[in-house]
Amino acid sequence: MQSNNNREYTVGWICALPIELVAAEAMLDERYEDYRSGQYTLGRIGPHYVVMACLPAGLIGTNAAATVATKMVCNFPSIRFGLMVGIGGGVPSEDFDIRLGDVVVSLPDKGYGGVVQYDFGKTRPGEFEMTGFLNAPPTALLEAVSALRAKHLSGKSKLPENIHAATHQLQFALETTRTDMLFEPDYDHIEGSTCERCSKERLITRRPRHQDVAIHYGTIASGNQVMRDGSTRDSLSSKLGGVLCFEMEAAGLMNSFPCLVIRGICDYADSHKNKAWQPYAAMTAAAYAKEVLTVIPGTEVTKTEVVDEATKAVR
């Protein structure tokens, strides 16, 4: 571990859970030590100096994420943009064959900036009206995603390489989580830590897929409550024009910490959710985040306003 206090850290990487931070740290090309290392993980990915932070133990949700981001920017005023990287609950549909271990990336779509806060708005007789608009990710990140999608389409993805390296380092083996079961949305989980007692007759039949990890782009639903009901999941997704996953932190960041949200799918946001896939999903999300950074030239980042100035411009 190297020591140098004079580096300019331009990328902020935020995680909600320790398992997500462990996966993120495995993606660093180099790791550094300085006086701020007690609260942050400092390192380099490609040409970029990255600072990583995790939400305080026991605190989740949009407010906790906003607090961590604000503190990070105060301690590292050279940050240009951020990444919110971790796990989420997938929303499979006819349009998106989302499987456990896949990655969902927030992109502007269907009138949203990439993230929508589904539990913020006004309650009226017989209805709930969502209000407010969350900003889209910074242009530099959107350009990087476009470049990366082109690489993937041409078969030049480094995602398998990143996953393999981290799997070897962390022993987050896919073989231990091969069971991927999607139940009918109105079928509730039978008590227990696994679905051994759940009726296999209520499984949704899906075509075999030979791709271990697929990347999906679109809207992410964010709110301050755990989504664990299949019928509610699908109803809200339909109301929002089709979302790809549910999570609990991103809505607290988008208007004050310009970032791209990257989620590895660890469950289907229904009553059958458990933690078996969390380590692997955290790793696939982190592997994609690393690949995003590797396609952004260092000179491109320096052209981007620091986070504090960028957010002032939109307030």
# chains A, B, ... in the order shown; residues from 1 in each chain; ligands from 1

$ select_by_dssp --residues "segment 44-126 of chain A" --states "alpha helix (DSSP H)" --output "PyMOL selection string"
chain A and resi 62-75

$ write_last_selection --atoms "N, CA, C and O atoms" --output "PDB file, in the first residue's frame"
ATOM      1  N   THR A  62     -32.200   6.952   1.500  1.00  0.00           N
ATOM      2  CA  THR A  62     -31.763   8.116   0.729  1.00  0.00           C
ATOM      3  C   THR A  62     -31.057   9.160   1.580  1.00  0.00           C
ATOM      4  O   THR A  62     -30.085   9.771   1.144  1.00  0.00           O
ATOM      5  N   ASN A  63     -31.530   9.386   2.802  1.00  0.00           N
ATOM      6  CA  ASN A  63     -30.912  10.407   3.654  1.00  0.00           C
ATOM      7  C   ASN A  63     -29.496  10.012   4.067  1.00  0.00           C
ATOM      8  O   ASN A  63     -28.586  10.846   4.092  1.00  0.00           O
ATOM      9  N   ALA A  64     -29.308   8.750   4.422  1.00  0.00           N
ATOM     10  CA  ALA A  64     -27.982   8.282   4.805  1.00  0.00           C
ATOM     11  C   ALA A  64     -27.007   8.413   3.642  1.00  0.00           C
ATOM     12  O   ALA A  64     -25.849   8.819   3.816  1.00  0.00           O
ATOM     13  N   ALA A  65     -27.463   8.082   2.436  1.00  0.00           N
ATOM     14  CA  ALA A  65     -26.604   8.190   1.256  1.00  0.00           C
ATOM     15  C   ALA A  65     -26.230   9.644   0.990  1.00  0.00           C
ATOM     16  O   ALA A  65     -25.071   9.953   0.673  1.00  0.00           O
ATOM     17  N   ALA A  66     -27.199  10.546   1.120  1.00  0.00           N
ATOM     18  CA  ALA A  66     -26.925  11.966   0.892  1.00  0.00           C
ATOM     19  C   ALA A  66     -25.910  12.499   1.892  1.00  0.00           C
ATOM     20  O   ALA A  66     -25.025  13.294   1.545  1.00  0.00           O
ATOM     21  N   THR A  67     -26.017  12.066   3.144  1.00  0.00           N
ATOM     22  CA  THR A  67     -25.083  12.524   4.175  1.00  0.00           C
ATOM     23  C   THR A  67     -23.664  12.064   3.878  1.00  0.00           C
ATOM     24  O   THR A  67     -22.707  12.840   3.994  1.00  0.00           O
ATOM     25  N   VAL A  68     -23.501  10.805   3.483  1.00  0.00           N
ATOM     26  CA  VAL A  68     -22.177  10.278   3.162  1.00  0.00           C
ATOM     27  C   VAL A  68     -21.580  11.012   1.961  1.00  0.00           C
ATOM     28  O   VAL A  68     -20.388  11.349   1.951  1.00  0.00           O
ATOM     29  N   ALA A  69     -22.411  11.273   0.942  1.00  0.00           N
ATOM     30  CA  ALA A  69     -21.919  11.974  -0.240  1.00  0.00           C
ATOM     31  C   ALA A  69     -21.481  13.398   0.090  1.00  0.00           C
ATOM     32  O   ALA A  69     -20.435  13.868  -0.379  1.00  0.00           O
ATOM     33  N   THR A  70     -22.268  14.093   0.902  1.00  0.00           N
ATOM     34  CA  THR A  70     -21.926  15.464   1.279  1.00  0.00           C
ATOM     35  C   THR A  70     -20.607  15.505   2.036  1.00  0.00           C
ATOM     36  O   THR A  70     -19.738  16.354   1.781  1.00  0.00           O
ATOM     37  N   LYS A  71     -20.435  14.586   2.958  1.00  0.00           N
ATOM     38  CA  LYS A  71     -19.200  14.527   3.738  1.00  0.00           C
ATOM     39  C   LYS A  71     -18.014  14.184   2.846  1.00  0.00           C
ATOM     40  O   LYS A  71     -16.912  14.739   3.013  1.00  0.00           O
ATOM     41  N   MET A  72     -18.217  13.296   1.889  1.00  0.00           N
ATOM     42  CA  MET A  72     -17.140  12.914   0.981  1.00  0.00           C
ATOM     43  C   MET A  72     -16.669  14.117   0.167  1.00  0.00           C
ATOM     44  O   MET A  72     -15.461  14.358   0.018  1.00  0.00           O
ATOM     45  N   VAL A  73     -17.610  14.890  -0.365  1.00  0.00           N
ATOM     46  CA  VAL A  73     -17.256  16.049  -1.182  1.00  0.00           C
ATOM     47  C   VAL A  73     -16.536  17.106  -0.338  1.00  0.00           C
ATOM     48  O   VAL A  73     -15.611  17.778  -0.827  1.00  0.00           O
ATOM     49  N   CYS A  74     -16.926  17.249   0.906  1.00  0.00           N
ATOM     50  CA  CYS A  74     -16.234  18.200   1.795  1.00  0.00           C
ATOM     51  C   CYS A  74     -14.790  17.783   2.041  1.00  0.00           C
ATOM     52  O   CYS A  74     -13.887  18.622   2.078  1.00  0.00           O
ATOM     53  N   ASN A  75     -14.570  16.479   2.189  1.00  0.00           N
ATOM     54  CA  ASN A  75     -13.219  15.975   2.450  1.00  0.00           C
ATOM     55  C   ASN A  75     -12.364  15.859   1.199  1.00  0.00           C
ATOM     56  O   ASN A  75     -11.129  15.909   1.283  1.00  0.00           O
TER      57      ASN A  75
END

$ residues_around --residues "Ile265 of chain A" --least-positions-apart "4" --cutoff "7 Å" --atoms "only C-alpha atoms" --output "count of residues only"
9

$ atom_distance --atom1 "atom CA of Glu8 of chain A" --atom2 "atom CA of Glu25 of chain A"
18.5 Å

$ closest_residue --among "A:Arg197, A:Arg7, A:Arg44, A:Arg80" --to "Phe257 of chain A" --atoms "only C-alpha atoms"
A:Arg80

$ atom_distance --atom1 "atom CA of Tyr118 of chain A" --atom2 "atom CA of Met254 of chain A"
14.1 Å

$ closest_atom_pairs --of "segment 224-296 of chain A" --to "segment 153-161 of chain A" --cutoff "7 Å" --atoms "only C-alpha atoms" --output "JSON lines"
{"residue": "A:Ala287", "atom": "CA", "partner": "A:Leu159", "partner_atom": "CA", "distance": 6.1}
{"residue": "A:Tyr288", "atom": "CA", "partner": "A:Leu159", "partner_atom": "CA", "distance": 6.1}
{"residue": "A:Glu291", "atom": "CA", "partner": "A:Lys158", "partner_atom": "CA", "distance": 6.8}

$ residues_around --residues "segment 112-117 of chain A" --least-positions-apart "3" --cutoff "10 Å" --atoms "only C-alpha atoms" --output "ChimeraX atom specification"
/A:62,105-109,120-121,130-137,217-224,240-241,243,245-254,260-261

$ residues_around --residues "segment 16-18 of chain A" --least-positions-apart "2" --cutoff "6 Å" --atoms "only C-alpha atoms" --output "PDB file with all heavy atoms, in the first residue's frame"
ATOM      1  N   GLU A  20     -20.548  -4.755  -0.394  1.00  0.00           N
ATOM      2  CA  GLU A  20     -20.372  -3.982  -1.616  1.00  0.00           C
ATOM      3  C   GLU A  20     -19.017  -3.282  -1.628  1.00  0.00           C
ATOM      4  O   GLU A  20     -18.370  -3.173  -2.673  1.00  0.00           O
ATOM      5  CB  GLU A  20     -21.502  -2.957  -1.740  1.00  0.00           C
ATOM      6  CG  GLU A  20     -22.882  -3.578  -1.837  1.00  0.00           C
ATOM      7  CD  GLU A  20     -24.006  -2.558  -1.691  1.00  0.00           C
ATOM      8  OE1 GLU A  20     -23.729  -1.397  -1.315  1.00  0.00           O
ATOM      9  OE2 GLU A  20     -25.172  -2.927  -1.941  1.00  0.00           O
ATOM     10  N   LEU A  21     -18.590  -2.780  -0.472  1.00  0.00           N
ATOM     11  CA  LEU A  21     -17.286  -2.120  -0.374  1.00  0.00           C
ATOM     12  C   LEU A  21     -16.156  -3.109  -0.598  1.00  0.00           C
ATOM     13  O   LEU A  21     -15.160  -2.795  -1.264  1.00  0.00           O
ATOM     14  CB  LEU A  21     -17.139  -1.440   0.987  1.00  0.00           C
ATOM     15  CG  LEU A  21     -15.831  -0.677   1.222  1.00  0.00           C
ATOM     16  CD1 LEU A  21     -15.653   0.435   0.194  1.00  0.00           C
ATOM     17  CD2 LEU A  21     -15.784  -0.105   2.629  1.00  0.00           C
ATOM     18  N   CYS A  54     -18.540   3.723   2.541  1.00  0.00           N
ATOM     19  CA  CYS A  54     -19.701   2.883   2.819  1.00  0.00           C
ATOM     20  C   CYS A  54     -20.607   3.611   3.797  1.00  0.00           C
ATOM     21  O   CYS A  54     -20.132   4.370   4.656  1.00  0.00           O
ATOM     22  CB  CYS A  54     -19.238   1.552   3.405  1.00  0.00           C
ATOM     23  SG  CYS A  54     -20.548   0.339   3.666  1.00  0.00           S
ATOM     24  N   LEU A  55     -21.909   3.403   3.687  1.00  0.00           N
ATOM     25  CA  LEU A  55     -22.843   3.996   4.641  1.00  0.00           C
ATOM     26  C   LEU A  55     -22.560   3.474   6.046  1.00  0.00           C
ATOM     27  O   LEU A  55     -22.116   2.336   6.203  1.00  0.00           O
ATOM     28  CB  LEU A  55     -24.283   3.665   4.250  1.00  0.00           C
ATOM     29  CG  LEU A  55     -25.011   4.658   3.330  1.00  0.00           C
ATOM     30  CD1 LEU A  55     -24.283   4.844   2.012  1.00  0.00           C
ATOM     31  CD2 LEU A  55     -26.449   4.206   3.088  1.00  0.00           C
TER      32      LEU A  55
END

$ atom_distance --atom1 "atom CA of Ser237 of chain A" --atom2 "atom CA of Gly264 of chain A"
18.1 Å

$ residues_around --residues "Trp13 of chain A" --least-positions-apart "3" --cutoff "10 Å" --atoms "only C-alpha atoms" --output "PyMOL selection string"
chain A and resi 21+24+40-42+50-54+69+72+81-85+259-260+286+289

$ write_last_selection --atoms "N, CA, C and O atoms" --output "PDB file, in the first residue's frame"
ATOM      1  N   LEU A  21     -18.590  -2.780  -0.472  1.00  0.00           N
ATOM      2  CA  LEU A  21     -17.286  -2.120  -0.374  1.00  0.00           C
ATOM      3  C   LEU A  21     -16.156  -3.109  -0.598  1.00  0.00           C
ATOM      4  O   LEU A  21     -15.160  -2.795  -1.264  1.00  0.00           O
ATOM      5  N   ALA A  24     -15.897  -3.591  -4.224  1.00  0.00           N
ATOM      6  CA  ALA A  24     -15.333  -2.394  -4.847  1.00  0.00           C
ATOM      7  C   ALA A  24     -13.823  -2.339  -4.668  1.00  0.00           C
ATOM      8  O   ALA A  24     -13.070  -2.047  -5.613  1.00  0.00           O
ATOM      9  N   TYR A  40     -12.210   6.213   4.653  1.00  0.00           N
ATOM     10  CA  TYR A  40     -12.334   6.017   3.213  1.00  0.00           C
ATOM     11  C   TYR A  40     -11.312   5.005   2.711  1.00  0.00           C
ATOM     12  O   TYR A  40     -10.261   4.808   3.318  1.00  0.00           O
ATOM     13  N   THR A  41     -11.649   4.385   1.583  1.00  0.00           N
ATOM     14  CA  THR A  41     -10.691   3.571   0.851  1.00  0.00           C
ATOM     15  C   THR A  41     -10.215   4.402  -0.337  1.00  0.00           C
ATOM     16  O   THR A  41     -11.032   4.900  -1.115  1.00  0.00           O
ATOM     17  N   LEU A  42      -8.914   4.562  -0.468  1.00  0.00           N
ATOM     18  CA  LEU A  42      -8.335   5.401  -1.524  1.00  0.00           C
ATOM     19  C   LEU A  42      -7.532   4.539  -2.478  1.00  0.00           C
ATOM     20  O   LEU A  42      -6.794   3.636  -2.046  1.00  0.00           O
ATOM     21  N   VAL A  50      -9.581   7.278  -7.051  1.00  0.00           N
ATOM     22  CA  VAL A  50     -10.933   7.004  -6.576  1.00  0.00           C
ATOM     23  C   VAL A  50     -10.959   6.983  -5.059  1.00  0.00           C
ATOM     24  O   VAL A  50     -10.060   6.433  -4.416  1.00  0.00           O
ATOM     25  N   VAL A  51     -12.004   7.594  -4.487  1.00  0.00           N
ATOM     26  CA  VAL A  51     -12.249   7.500  -3.050  1.00  0.00           C
ATOM     27  C   VAL A  51     -13.553   6.735  -2.846  1.00  0.00           C
ATOM     28  O   VAL A  51     -14.560   7.033  -3.473  1.00  0.00           O
ATOM     29  N   MET A  52     -13.506   5.725  -1.974  1.00  0.00           N
ATOM     30  CA  MET A  52     -14.664   4.865  -1.730  1.00  0.00           C
ATOM     31  C   MET A  52     -15.149   5.022  -0.300  1.00  0.00           C
ATOM     32  O   MET A  52     -14.346   5.178   0.619  1.00  0.00           O
ATOM     33  N   ALA A  53     -16.467   4.974  -0.118  1.00  0.00           N
ATOM     34  CA  ALA A  53     -17.046   5.071   1.221  1.00  0.00           C
ATOM     35  C   ALA A  53     -18.268   4.179   1.318  1.00  0.00           C
ATOM     36  O   ALA A  53     -18.947   3.913   0.317  1.00  0.00           O
ATOM     37  N   CYS A  54     -18.540   3.723   2.541  1.00  0.00           N
ATOM     38  CA  CYS A  54     -19.701   2.883   2.819  1.00  0.00           C
ATOM     39  C   CYS A  54     -20.607   3.611   3.797  1.00  0.00           C
ATOM     40  O   CYS A  54     -20.132   4.370   4.656  1.00  0.00           O
ATOM     41  N   ALA A  69     -22.411  11.273   0.942  1.00  0.00           N
ATOM     42  CA  ALA A  69     -21.919  11.974  -0.240  1.00  0.00           C
ATOM     43  C   ALA A  69     -21.481  13.398   0.090  1.00  0.00           C
ATOM     44  O   ALA A  69     -20.435  13.868  -0.379  1.00  0.00           O
ATOM     45  N   MET A  72     -18.217  13.296   1.889  1.00  0.00           N
ATOM     46  CA  MET A  72     -17.140  12.914   0.981  1.00  0.00           C
ATOM     47  C   MET A  72     -16.669  14.117   0.167  1.00  0.00           C
ATOM     48  O   MET A  72     -15.461  14.358   0.018  1.00  0.00           O
ATOM     49  N   PHE A  81     -17.342  13.579 -10.219  1.00  0.00           N
ATOM     50  CA  PHE A  81     -18.599  12.842 -10.310  1.00  0.00           C
ATOM     51  C   PHE A  81     -18.501  11.595  -9.445  1.00  0.00           C
ATOM     52  O   PHE A  81     -17.445  11.268  -8.903  1.00  0.00           O
ATOM     53  N   GLY A  82     -19.644  10.889  -9.334  1.00  0.00           N
ATOM     54  CA  GLY A  82     -19.684   9.731  -8.453  1.00  0.00           C
ATOM     55  C   GLY A  82     -20.248   8.488  -9.112  1.00  0.00           C
ATOM     56  O   GLY A  82     -20.819   8.528 -10.210  1.00  0.00           O
ATOM     57  N   LEU A  83     -20.091   7.385  -8.403  1.00  0.00           N
ATOM     58  CA  LEU A  83     -20.687   6.107  -8.760  1.00  0.00           C
ATOM     59  C   LEU A  83     -21.384   5.569  -7.518  1.00  0.00           C
ATOM     60  O   LEU A  83     -20.808   5.555  -6.435  1.00  0.00           O
ATOM     61  N   MET A  84     -22.641   5.167  -7.656  1.00  0.00           N
ATOM     62  CA  MET A  84     -23.359   4.483  -6.582  1.00  0.00           C
ATOM     63  C   MET A  84     -23.444   3.031  -7.001  1.00  0.00           C
ATOM     64  O   MET A  84     -24.164   2.685  -7.958  1.00  0.00           O
ATOM     65  N   VAL A  85     -22.703   2.167  -6.327  1.00  0.00           N
ATOM     66  CA  VAL A  85     -22.509   0.795  -6.803  1.00  0.00           C
ATOM     67  C   VAL A  85     -22.887  -0.201  -5.709  1.00  0.00           C
ATOM     68  O   VAL A  85     -22.426  -0.086  -4.572  1.00  0.00           O
ATOM     69  N   CYS A 259     -24.045  11.345 -10.361  1.00  0.00           N
ATOM     70  CA  CYS A 259     -23.469  10.000 -10.384  1.00  0.00           C
ATOM     71  C   CYS A 259     -24.230   9.069 -11.321  1.00  0.00           C
ATOM     72  O   CYS A 259     -25.336   9.361 -11.766  1.00  0.00           O
ATOM     73  N   LEU A 260     -23.588   7.939 -11.585  1.00  0.00           N
ATOM     74  CA  LEU A 260     -24.195   6.834 -12.308  1.00  0.00           C
ATOM     75  C   LEU A 260     -24.513   5.752 -11.283  1.00  0.00           C
ATOM     76  O   LEU A 260     -23.682   5.446 -10.421  1.00  0.00           O
ATOM     77  N   ALA A 286     -19.617  -4.056  -9.261  1.00  0.00           N
ATOM     78  CA  ALA A 286     -18.314  -3.414  -9.120  1.00  0.00           C
ATOM     79  C   ALA A 286     -17.454  -3.634 -10.364  1.00  0.00           C
ATOM     80  O   ALA A 286     -16.720  -2.736 -10.802  1.00  0.00           O
ATOM     81  N   ALA A 289     -18.601  -1.225 -12.956  1.00  0.00           N
ATOM     82  CA  ALA A 289     -18.177   0.136 -12.604  1.00  0.00           C
ATOM     83  C   ALA A 289     -16.711   0.355 -12.964  1.00  0.00           C
ATOM     84  O   ALA A 289     -16.338   1.421 -13.471  1.00  0.00           O
TER      85      ALA A 289
END
